[in-house]
file entry_30.cif (mmCIF, N, CA and C atoms and all ligand atoms)
data_target
#
loop_
_atom_site.label_atom_id
_atom_site.label_comp_id
_atom_site.auth_asym_id
_atom_site.auth_seq_id
_atom_site.Cartn_x
_atom_site.Cartn_y
_atom_site.Cartn_z
N MET A 8 0.84 -1.20 0.00
CA MET A 8 0.00 0.00 0.00
C MET A 8 0.88 1.25 0.00
N ASP A 9 0.50 2.23 -0.82
CA ASP A 9 1.22 3.50 -0.89
C ASP A 9 0.64 4.44 0.18
N LYS A 10 1.36 4.51 1.32
CA LYS A 10 0.82 5.24 2.47
C LYS A 10 0.51 6.70 2.16
N LYS A 11 1.41 7.33 1.38
CA LYS A 11 1.21 8.75 1.06
C LYS A 11 -0.11 8.95 0.28
N LYS A 12 -0.30 8.08 -0.70
CA LYS A 12 -1.53 8.17 -1.50
C LYS A 12 -2.77 7.88 -0.66
N VAL A 13 -2.65 6.91 0.24
CA VAL A 13 -3.79 6.54 1.09
C VAL A 13 -4.12 7.71 2.02
N LEU A 14 -3.09 8.33 2.60
CA LEU A 14 -3.35 9.47 3.49
C LEU A 14 -4.00 10.64 2.73
N GLU A 15 -3.54 10.86 1.51
CA GLU A 15 -4.17 11.93 0.69
C GLU A 15 -5.64 11.60 0.45
N ALA A 16 -5.91 10.34 0.14
CA ALA A 16 -7.29 9.92 -0.13
C ALA A 16 -8.14 10.07 1.13
N LEU A 17 -7.61 9.65 2.26
CA LEU A 17 -8.37 9.73 3.52
C LEU A 17 -8.67 11.18 3.88
N ASN A 18 -7.71 12.06 3.63
CA ASN A 18 -7.94 13.48 3.95
C ASN A 18 -8.97 14.11 3.01
N LEU A 19 -8.94 13.69 1.74
CA LEU A 19 -9.95 14.18 0.79
C LEU A 19 -11.33 13.71 1.24
N ASP A 20 -11.41 12.45 1.65
CA ASP A 20 -12.69 11.89 2.13
C ASP A 20 -13.17 12.65 3.37
N LEU A 21 -12.24 12.92 4.27
CA LEU A 21 -12.59 13.64 5.50
C LEU A 21 -13.19 15.00 5.15
N GLU A 22 -12.56 15.70 4.21
CA GLU A 22 -13.07 17.02 3.81
C GLU A 22 -14.47 16.91 3.18
N HIS A 23 -14.70 15.84 2.43
CA HIS A 23 -16.03 15.62 1.84
C HIS A 23 -17.07 15.33 2.93
N GLU A 24 -16.68 14.53 3.91
CA GLU A 24 -17.63 14.20 4.98
C GLU A 24 -17.98 15.43 5.81
N MET A 25 -16.98 16.30 6.03
CA MET A 25 -17.26 17.53 6.77
C MET A 25 -18.22 18.43 5.97
N SER A 26 -18.02 18.49 4.65
CA SER A 26 -18.96 19.26 3.81
C SER A 26 -20.35 18.68 3.91
N ALA A 27 -20.44 17.35 3.88
CA ALA A 27 -21.75 16.68 3.92
C ALA A 27 -22.44 16.99 5.25
N MET A 28 -21.67 16.93 6.32
CA MET A 28 -22.24 17.19 7.65
C MET A 28 -22.84 18.61 7.68
N ILE A 29 -22.10 19.57 7.18
CA ILE A 29 -22.57 20.96 7.19
C ILE A 29 -23.78 21.12 6.26
N ARG A 30 -23.71 20.46 5.10
CA ARG A 30 -24.82 20.56 4.14
C ARG A 30 -26.12 20.01 4.75
N TYR A 31 -26.03 18.83 5.37
CA TYR A 31 -27.22 18.23 5.97
C TYR A 31 -27.76 19.08 7.14
N LEU A 32 -26.85 19.59 7.95
CA LEU A 32 -27.30 20.44 9.06
C LEU A 32 -28.01 21.69 8.53
N HIS A 33 -27.40 22.29 7.51
CA HIS A 33 -27.99 23.49 6.91
C HIS A 33 -29.41 23.18 6.41
N HIS A 34 -29.55 22.06 5.72
CA HIS A 34 -30.89 21.69 5.23
C HIS A 34 -31.86 21.48 6.40
N SER A 35 -31.36 20.93 7.48
CA SER A 35 -32.24 20.71 8.64
C SER A 35 -32.69 22.05 9.24
N PHE A 36 -31.90 23.10 9.03
CA PHE A 36 -32.28 24.42 9.57
C PHE A 36 -33.28 25.13 8.65
N ILE A 37 -33.13 24.93 7.33
CA ILE A 37 -33.93 25.75 6.40
C ILE A 37 -35.22 25.08 5.93
N VAL A 38 -35.37 23.78 6.19
CA VAL A 38 -36.54 23.09 5.66
C VAL A 38 -37.82 23.56 6.38
N THR A 39 -38.84 23.86 5.59
CA THR A 39 -40.13 24.32 6.17
C THR A 39 -41.28 23.55 5.53
N GLY A 40 -42.46 23.74 6.07
CA GLY A 40 -43.64 23.09 5.52
C GLY A 40 -44.10 21.93 6.38
N PRO A 41 -45.21 21.30 5.97
CA PRO A 41 -45.80 20.24 6.81
C PRO A 41 -44.91 19.02 7.01
N LEU A 42 -43.92 18.83 6.13
CA LEU A 42 -43.04 17.66 6.26
C LEU A 42 -41.79 17.95 7.09
N ARG A 43 -41.76 19.17 7.64
CA ARG A 43 -40.54 19.61 8.33
C ARG A 43 -40.06 18.63 9.40
N GLY A 44 -40.97 18.16 10.24
CA GLY A 44 -40.55 17.29 11.35
C GLY A 44 -39.78 16.08 10.87
N THR A 45 -40.32 15.40 9.89
CA THR A 45 -39.70 14.19 9.34
C THR A 45 -38.34 14.52 8.73
N LEU A 46 -38.32 15.62 7.95
CA LEU A 46 -37.09 15.93 7.22
C LEU A 46 -35.99 16.46 8.14
N VAL A 47 -36.36 17.20 9.16
CA VAL A 47 -35.34 17.66 10.12
C VAL A 47 -34.64 16.44 10.72
N ASN A 48 -35.45 15.46 11.13
CA ASN A 48 -34.86 14.24 11.70
C ASN A 48 -33.96 13.52 10.72
N MET A 49 -34.44 13.40 9.51
CA MET A 49 -33.66 12.67 8.50
C MET A 49 -32.35 13.41 8.20
N PHE A 50 -32.42 14.74 8.00
CA PHE A 50 -31.21 15.50 7.69
C PHE A 50 -30.22 15.44 8.87
N ARG A 51 -30.73 15.54 10.09
CA ARG A 51 -29.80 15.53 11.25
C ARG A 51 -29.20 14.15 11.45
N THR A 52 -29.98 13.11 11.18
CA THR A 52 -29.41 11.75 11.27
C THR A 52 -28.29 11.60 10.26
N LYS A 53 -28.52 12.10 9.06
CA LYS A 53 -27.48 11.98 8.03
C LYS A 53 -26.27 12.87 8.37
N ALA A 54 -26.52 14.01 8.99
CA ALA A 54 -25.39 14.86 9.43
C ALA A 54 -24.54 14.09 10.44
N ARG A 55 -25.22 13.39 11.37
CA ARG A 55 -24.48 12.61 12.38
C ARG A 55 -23.73 11.45 11.74
N GLU A 56 -24.35 10.84 10.75
CA GLU A 56 -23.67 9.72 10.08
C GLU A 56 -22.45 10.22 9.29
N SER A 57 -22.56 11.41 8.73
CA SER A 57 -21.40 11.99 8.05
C SER A 57 -20.31 12.30 9.07
N MET A 58 -20.72 12.78 10.25
CA MET A 58 -19.73 13.04 11.30
C MET A 58 -19.07 11.73 11.75
N ASP A 59 -19.86 10.66 11.84
CA ASP A 59 -19.29 9.35 12.21
C ASP A 59 -18.23 8.92 11.18
N HIS A 60 -18.54 9.15 9.91
CA HIS A 60 -17.55 8.82 8.88
C HIS A 60 -16.30 9.69 9.05
N ALA A 61 -16.53 10.98 9.31
CA ALA A 61 -15.40 11.90 9.50
C ALA A 61 -14.54 11.44 10.68
N ILE A 62 -15.17 10.98 11.74
CA ILE A 62 -14.42 10.52 12.93
C ILE A 62 -13.60 9.28 12.58
N THR A 63 -14.22 8.33 11.90
CA THR A 63 -13.49 7.11 11.49
C THR A 63 -12.27 7.49 10.66
N LEU A 64 -12.46 8.41 9.72
CA LEU A 64 -11.37 8.80 8.83
C LEU A 64 -10.28 9.58 9.58
N GLY A 65 -10.72 10.52 10.41
CA GLY A 65 -9.75 11.34 11.15
C GLY A 65 -8.89 10.50 12.08
N GLU A 66 -9.51 9.55 12.77
CA GLU A 66 -8.77 8.66 13.67
C GLU A 66 -7.75 7.84 12.87
N LYS A 67 -8.18 7.36 11.73
CA LYS A 67 -7.30 6.51 10.91
C LYS A 67 -6.12 7.31 10.37
N ILE A 68 -6.37 8.56 9.98
CA ILE A 68 -5.29 9.41 9.46
C ILE A 68 -4.21 9.58 10.52
N THR A 69 -4.62 9.88 11.74
CA THR A 69 -3.64 10.05 12.83
C THR A 69 -2.94 8.72 13.12
N ALA A 70 -3.70 7.63 13.14
CA ALA A 70 -3.11 6.32 13.42
C ALA A 70 -2.03 5.97 12.39
N LEU A 71 -2.23 6.41 11.15
CA LEU A 71 -1.26 6.11 10.09
C LEU A 71 -0.10 7.11 10.05
N GLY A 72 -0.11 8.07 10.99
CA GLY A 72 1.00 9.02 11.05
C GLY A 72 0.75 10.30 10.26
N GLY A 73 -0.47 10.47 9.78
CA GLY A 73 -0.79 11.69 9.02
C GLY A 73 -1.39 12.76 9.91
N HIS A 74 -1.82 13.86 9.28
CA HIS A 74 -2.44 14.95 10.03
C HIS A 74 -3.80 15.24 9.41
N PRO A 75 -4.88 15.05 10.20
CA PRO A 75 -6.23 15.25 9.64
C PRO A 75 -6.48 16.70 9.22
N SER A 76 -7.07 16.85 8.04
CA SER A 76 -7.37 18.17 7.51
C SER A 76 -8.50 18.84 8.31
N VAL A 77 -8.43 20.18 8.40
CA VAL A 77 -9.56 20.91 9.00
C VAL A 77 -10.40 21.59 7.92
N LYS A 78 -10.00 21.38 6.65
CA LYS A 78 -10.74 22.04 5.56
C LYS A 78 -12.03 21.29 5.25
N ILE A 79 -12.92 21.99 4.58
CA ILE A 79 -14.06 21.27 4.01
C ILE A 79 -13.92 21.34 2.49
N GLN A 80 -14.43 20.34 1.83
CA GLN A 80 -14.19 20.20 0.40
C GLN A 80 -14.98 21.22 -0.43
N GLU A 81 -16.26 21.40 -0.08
CA GLU A 81 -17.10 22.31 -0.85
C GLU A 81 -18.05 23.05 0.08
N ILE A 82 -18.34 24.30 -0.26
CA ILE A 82 -19.37 25.03 0.48
C ILE A 82 -20.61 25.11 -0.40
N TYR A 83 -21.71 24.57 0.10
CA TYR A 83 -22.95 24.58 -0.67
C TYR A 83 -23.81 25.73 -0.17
N GLU A 84 -24.04 26.69 -1.03
CA GLU A 84 -24.95 27.77 -0.63
C GLU A 84 -25.77 28.22 -1.82
N PRO A 85 -26.73 27.39 -2.22
CA PRO A 85 -27.56 27.79 -3.36
C PRO A 85 -28.70 28.71 -2.96
N GLY A 86 -28.74 29.15 -1.69
CA GLY A 86 -29.85 30.00 -1.24
C GLY A 86 -31.06 29.16 -0.92
N ASP A 87 -32.23 29.78 -1.02
CA ASP A 87 -33.46 29.02 -0.72
C ASP A 87 -33.61 27.86 -1.68
N GLN A 88 -34.04 26.74 -1.13
CA GLN A 88 -34.23 25.56 -1.98
C GLN A 88 -35.57 24.92 -1.65
N THR A 89 -36.16 24.30 -2.65
CA THR A 89 -37.35 23.48 -2.37
C THR A 89 -36.85 22.18 -1.73
N ILE A 90 -37.79 21.45 -1.13
CA ILE A 90 -37.43 20.17 -0.52
C ILE A 90 -36.83 19.25 -1.58
N GLU A 91 -37.45 19.24 -2.74
CA GLU A 91 -36.95 18.39 -3.83
C GLU A 91 -35.52 18.77 -4.22
N GLU A 92 -35.24 20.06 -4.29
CA GLU A 92 -33.88 20.50 -4.64
C GLU A 92 -32.87 20.07 -3.57
N MET A 93 -33.29 20.15 -2.31
CA MET A 93 -32.38 19.71 -1.23
C MET A 93 -32.08 18.22 -1.37
N LEU A 94 -33.14 17.45 -1.58
CA LEU A 94 -32.96 16.00 -1.69
C LEU A 94 -32.10 15.65 -2.90
N GLU A 95 -32.33 16.35 -4.02
CA GLU A 95 -31.54 16.10 -5.24
C GLU A 95 -30.07 16.44 -5.01
N GLU A 96 -29.83 17.56 -4.34
CA GLU A 96 -28.45 17.98 -4.07
C GLU A 96 -27.73 16.94 -3.21
N ASN A 97 -28.44 16.45 -2.18
CA ASN A 97 -27.84 15.44 -1.30
C ASN A 97 -27.59 14.14 -2.05
N LEU A 98 -28.55 13.76 -2.88
CA LEU A 98 -28.39 12.52 -3.64
C LEU A 98 -27.18 12.59 -4.57
N GLU A 99 -27.03 13.72 -5.23
CA GLU A 99 -25.90 13.90 -6.14
C GLU A 99 -24.57 13.80 -5.37
N CYS A 100 -24.52 14.44 -4.20
CA CYS A 100 -23.29 14.41 -3.39
C CYS A 100 -23.01 13.00 -2.89
N GLU A 101 -24.04 12.30 -2.46
CA GLU A 101 -23.85 10.93 -1.97
C GLU A 101 -23.32 10.02 -3.09
N ARG A 102 -23.86 10.23 -4.30
CA ARG A 102 -23.38 9.42 -5.44
C ARG A 102 -21.91 9.71 -5.73
N LYS A 103 -21.54 10.99 -5.64
CA LYS A 103 -20.13 11.37 -5.85
C LYS A 103 -19.24 10.71 -4.80
N HIS A 104 -19.70 10.72 -3.54
CA HIS A 104 -18.92 10.11 -2.46
C HIS A 104 -18.74 8.62 -2.69
N LEU A 105 -19.83 7.96 -3.06
CA LEU A 105 -19.75 6.52 -3.28
C LEU A 105 -18.74 6.20 -4.38
N ASP A 106 -18.81 6.98 -5.45
CA ASP A 106 -17.91 6.79 -6.57
C ASP A 106 -16.45 6.95 -6.12
N MET A 107 -16.22 7.97 -5.31
CA MET A 107 -14.89 8.26 -4.79
C MET A 107 -14.38 7.10 -3.93
N TYR A 108 -15.21 6.62 -3.01
CA TYR A 108 -14.80 5.52 -2.13
C TYR A 108 -14.55 4.24 -2.92
N GLU A 109 -15.38 4.01 -3.93
CA GLU A 109 -15.20 2.78 -4.72
C GLU A 109 -13.88 2.81 -5.48
N LYS A 110 -13.53 3.99 -6.00
CA LYS A 110 -12.23 4.12 -6.71
C LYS A 110 -11.07 3.91 -5.74
N GLN A 111 -11.21 4.49 -4.54
CA GLN A 111 -10.10 4.43 -3.57
C GLN A 111 -9.90 3.02 -3.00
N LEU A 112 -10.90 2.20 -3.11
CA LEU A 112 -10.80 0.83 -2.61
C LEU A 112 -9.60 0.10 -3.24
N ASN A 113 -9.27 0.49 -4.46
CA ASN A 113 -8.11 -0.13 -5.14
C ASN A 113 -6.81 0.15 -4.42
N LEU A 114 -6.75 1.27 -3.69
CA LEU A 114 -5.50 1.67 -3.02
C LEU A 114 -5.19 0.81 -1.80
N VAL A 115 -6.22 0.13 -1.26
CA VAL A 115 -6.04 -0.53 0.04
C VAL A 115 -6.30 -2.04 -0.01
N GLN A 116 -6.24 -2.60 -1.20
CA GLN A 116 -6.55 -4.03 -1.34
C GLN A 116 -5.64 -4.93 -0.51
N ASP A 117 -4.41 -4.47 -0.28
CA ASP A 117 -3.44 -5.31 0.46
C ASP A 117 -3.45 -5.00 1.97
N ASN A 118 -4.41 -4.20 2.42
CA ASN A 118 -4.48 -3.88 3.85
C ASN A 118 -5.90 -4.21 4.34
N THR A 119 -6.05 -5.34 5.01
CA THR A 119 -7.39 -5.82 5.35
C THR A 119 -8.22 -4.82 6.17
N PRO A 120 -7.68 -4.25 7.27
CA PRO A 120 -8.51 -3.32 8.05
C PRO A 120 -8.97 -2.10 7.24
N LEU A 121 -8.07 -1.55 6.42
CA LEU A 121 -8.46 -0.39 5.61
C LEU A 121 -9.46 -0.78 4.54
N ARG A 122 -9.26 -1.96 3.96
CA ARG A 122 -10.20 -2.43 2.93
C ARG A 122 -11.59 -2.59 3.55
N LEU A 123 -11.63 -3.21 4.73
CA LEU A 123 -12.92 -3.40 5.41
C LEU A 123 -13.55 -2.07 5.81
N MET A 124 -12.70 -1.11 6.22
CA MET A 124 -13.22 0.21 6.59
C MET A 124 -13.89 0.87 5.38
N PHE A 125 -13.20 0.82 4.25
CA PHE A 125 -13.77 1.40 3.02
C PHE A 125 -15.03 0.66 2.62
N GLU A 126 -15.01 -0.67 2.73
CA GLU A 126 -16.20 -1.44 2.33
C GLU A 126 -17.40 -1.09 3.21
N GLN A 127 -17.14 -0.91 4.51
CA GLN A 127 -18.23 -0.54 5.43
C GLN A 127 -18.80 0.83 5.07
N VAL A 128 -17.89 1.76 4.77
CA VAL A 128 -18.36 3.11 4.39
C VAL A 128 -19.16 3.02 3.09
N ILE A 129 -18.71 2.17 2.17
CA ILE A 129 -19.42 1.99 0.89
C ILE A 129 -20.83 1.45 1.13
N VAL A 130 -20.96 0.51 2.06
CA VAL A 130 -22.29 -0.03 2.41
C VAL A 130 -23.18 1.11 2.93
N GLU A 131 -22.62 1.96 3.79
CA GLU A 131 -23.41 3.03 4.39
C GLU A 131 -23.76 4.13 3.38
N GLU A 132 -22.82 4.45 2.50
CA GLU A 132 -23.13 5.46 1.46
C GLU A 132 -24.21 4.93 0.51
N THR A 133 -24.15 3.64 0.22
CA THR A 133 -25.18 3.04 -0.64
C THR A 133 -26.55 3.15 0.03
N ALA A 134 -26.59 2.93 1.34
CA ALA A 134 -27.86 3.06 2.08
C ALA A 134 -28.36 4.51 2.03
N HIS A 135 -27.44 5.47 2.11
CA HIS A 135 -27.85 6.88 2.02
C HIS A 135 -28.48 7.16 0.65
N ILE A 136 -27.84 6.65 -0.38
CA ILE A 136 -28.35 6.86 -1.74
C ILE A 136 -29.74 6.24 -1.88
N GLU A 137 -29.87 5.01 -1.43
CA GLU A 137 -31.16 4.32 -1.58
C GLU A 137 -32.26 5.05 -0.79
N ASP A 138 -31.89 5.53 0.38
CA ASP A 138 -32.86 6.25 1.21
C ASP A 138 -33.33 7.53 0.50
N LEU A 139 -32.37 8.32 -0.01
CA LEU A 139 -32.73 9.56 -0.68
C LEU A 139 -33.53 9.29 -1.95
N GLU A 140 -33.19 8.21 -2.66
CA GLU A 140 -33.96 7.85 -3.85
C GLU A 140 -35.42 7.56 -3.47
N MET A 141 -35.61 6.91 -2.32
CA MET A 141 -36.99 6.61 -1.89
C MET A 141 -37.72 7.88 -1.46
N TYR A 142 -36.99 8.81 -0.83
CA TYR A 142 -37.62 10.10 -0.49
C TYR A 142 -38.09 10.83 -1.74
N LEU A 143 -37.32 10.66 -2.81
CA LEU A 143 -37.65 11.39 -4.04
C LEU A 143 -38.66 10.65 -4.91
N ARG A 144 -38.94 9.40 -4.58
CA ARG A 144 -39.87 8.62 -5.40
C ARG A 144 -41.29 9.14 -5.19
N ASP A 145 -42.02 9.28 -6.28
CA ASP A 145 -43.39 9.79 -6.21
C ASP A 145 -44.28 8.80 -5.45
N SER A 146 -44.79 9.24 -4.31
CA SER A 146 -45.58 8.33 -3.48
C SER A 146 -46.95 8.05 -4.06
N ASN A 147 -47.33 8.85 -5.08
CA ASN A 147 -48.64 8.60 -5.71
C ASN A 147 -48.58 7.50 -6.76
N LYS A 148 -47.34 7.18 -7.17
CA LYS A 148 -47.19 6.12 -8.16
C LYS A 148 -47.17 4.78 -7.45
N LYS A 149 -47.81 3.79 -8.05
CA LYS A 149 -47.77 2.47 -7.43
C LYS A 149 -46.41 1.84 -7.70
N MET A 150 -45.95 1.05 -6.72
CA MET A 150 -44.67 0.36 -6.86
C MET A 150 -44.78 -0.66 -8.00
N ALA A 151 -43.76 -0.68 -8.83
CA ALA A 151 -43.73 -1.69 -9.89
C ALA A 151 -43.46 -3.05 -9.26
N LYS A 152 -44.20 -4.03 -9.69
CA LYS A 152 -43.94 -5.38 -9.16
C LYS A 152 -42.77 -6.00 -9.90
N VAL A 153 -41.84 -6.55 -9.15
CA VAL A 153 -40.64 -7.14 -9.81
C VAL A 153 -40.84 -8.64 -9.91
FE FE B 201 -20.30 9.50 4.45
FE FE B 202 -23.35 9.65 3.03
#

call {"tool": "encode", "arguments": {"input": "entry_30.cif", "output": "structure tokens"}}
result
Amino acid sequence: MDKKKVLEALNLDLEHEMSAMIRYLHHSFIVTGPLRGTLVNMFRTKARESMDHAITLGEKITALGGHPSVKIQEIYEPGDQTIEEMLEENLECERKHLDMYEKQLNLVQDNTPLRLMFEQVIVEETAHIEDLEMYLRDSNKKMAKV
């Protein structure tokens, strides 16, 4: 394993998770309307899960002898958003994260704990994507039978 490359990847991931945490919290503050209660809970749960990922990554960076970044990767400030726009923005970011983690998995194939850590994060990002896709699914449409 190329430690320098892995540390760079982990720090990039950490910065993305910090952005996600802030983005979800922000959405939990600005969401209004009759669905507010449900969505505040959902956004804050996802903010906490992003923080959990950030903690896992930050601890690992220090354990490997690196220095965890304090930067955030992106600042999202599109102004007022509809609920649908918030959900779409989160879904797009989650898909980007999943893609990033899946690519980075190649860097850690020879290190079992790191490989498992990435795989676990990949499972959780996939759950985030599936959850947001269900939030965005039209509830008036009947489920297609498979
Ligand atoms: Fe995450
Ligand atoms: Fe996520």

call {"tool": "closest_residue", "arguments": {"input": "entry_30.cif", "among": "A:Val38, A:Val115, A:Ile129, A:Ala70", "to": "ligand FE 201 (chain B)", "atoms": "all atoms listed in the file"}}
result
A:Ile129

call {"tool": "residues_around", "arguments": {"input": "entry_30.cif", "residues": "region 80-88 of chain A", "least_positions_apart": "5", "cutoff": "6 Å", "atoms": "only N, CA and C atoms", "output": "count of residues only"}}
result
5

call {"tool": "select_by_dssp", "arguments": {"input": "entry_30.cif", "residues": "chain A", "states": "helix (DSSP H, G or I)", "output": "ChimeraX atom specification"}}
result
/A:10-37,43-70,90-115,119-143

call {"tool": "atom_distance", "arguments": {"input": "entry_30.cif", "atom1": "CA of Ala61 (chain A)", "atom2": "atom FE of ligand FE 201 (chain B)"}}
result
7.4 Å

call {"tool": "axis_aligned_box", "arguments": {"input": "entry_30.cif", "around": "region 95-103 of chain A", "padding_each_side": "8 Å", "output": "AutoDock Vina command-line options"}}
result
--center_x -25.8 --center_y 13.7 --center_z -3.7 --size_x 29.1 --size_y 24.6 --size_z 20.8

call {"tool": "closest_atom_pairs", "arguments": {"input": "entry_30.cif", "of": "chain A", "to": "ligand FE 202 (chain B)", "cutoff": "7 Å", "atoms": "all atoms listed in the file", "output": "Markdown table"}}
result
| residue | atom | partner | partner_atom | distance |
| --- | --- | --- | --- | --- |
| A:Lys53 | C | B:FE202 | FE | 6.9 |
| A:Glu56 | C | B:FE202 | FE | 6.3 |
| A:Ser57 | CA | B:FE202 | FE | 5.9 |
| A:Cys100 | C | B:FE202 | FE | 6.8 |
| A:Glu101 | CA | B:FE202 | FE | 5.2 |
| A:Glu131 | C | B:FE202 | FE | 5.5 |
| A:Glu132 | CA | B:FE202 | FE | 4.5 |
| A:Thr133 | N | B:FE202 | FE | 6.7 |
| A:His135 | CA | B:FE202 | FE | 5.4 |
| A:Ile136 | N | B:FE202 | FE | 6.4 |

call {"tool": "closest_residue", "arguments": {"input": "entry_30.cif", "among": "A:Leu32, A:Met141, A:Leu42, A:Leu105", "to": "ligand FE 201 (chain B)", "atoms": "all atoms listed in the file"}}
result
A:Leu105

call {"tool": "closest_residue", "arguments": {"input": "entry_30.cif", "among": "A:Lys12, A:His34, A:His60, A:Lys103", "to": "ligand FE 201 (chain B)", "atoms": "only N, CA and C atoms and all ligand atoms"}}
result
A:His60
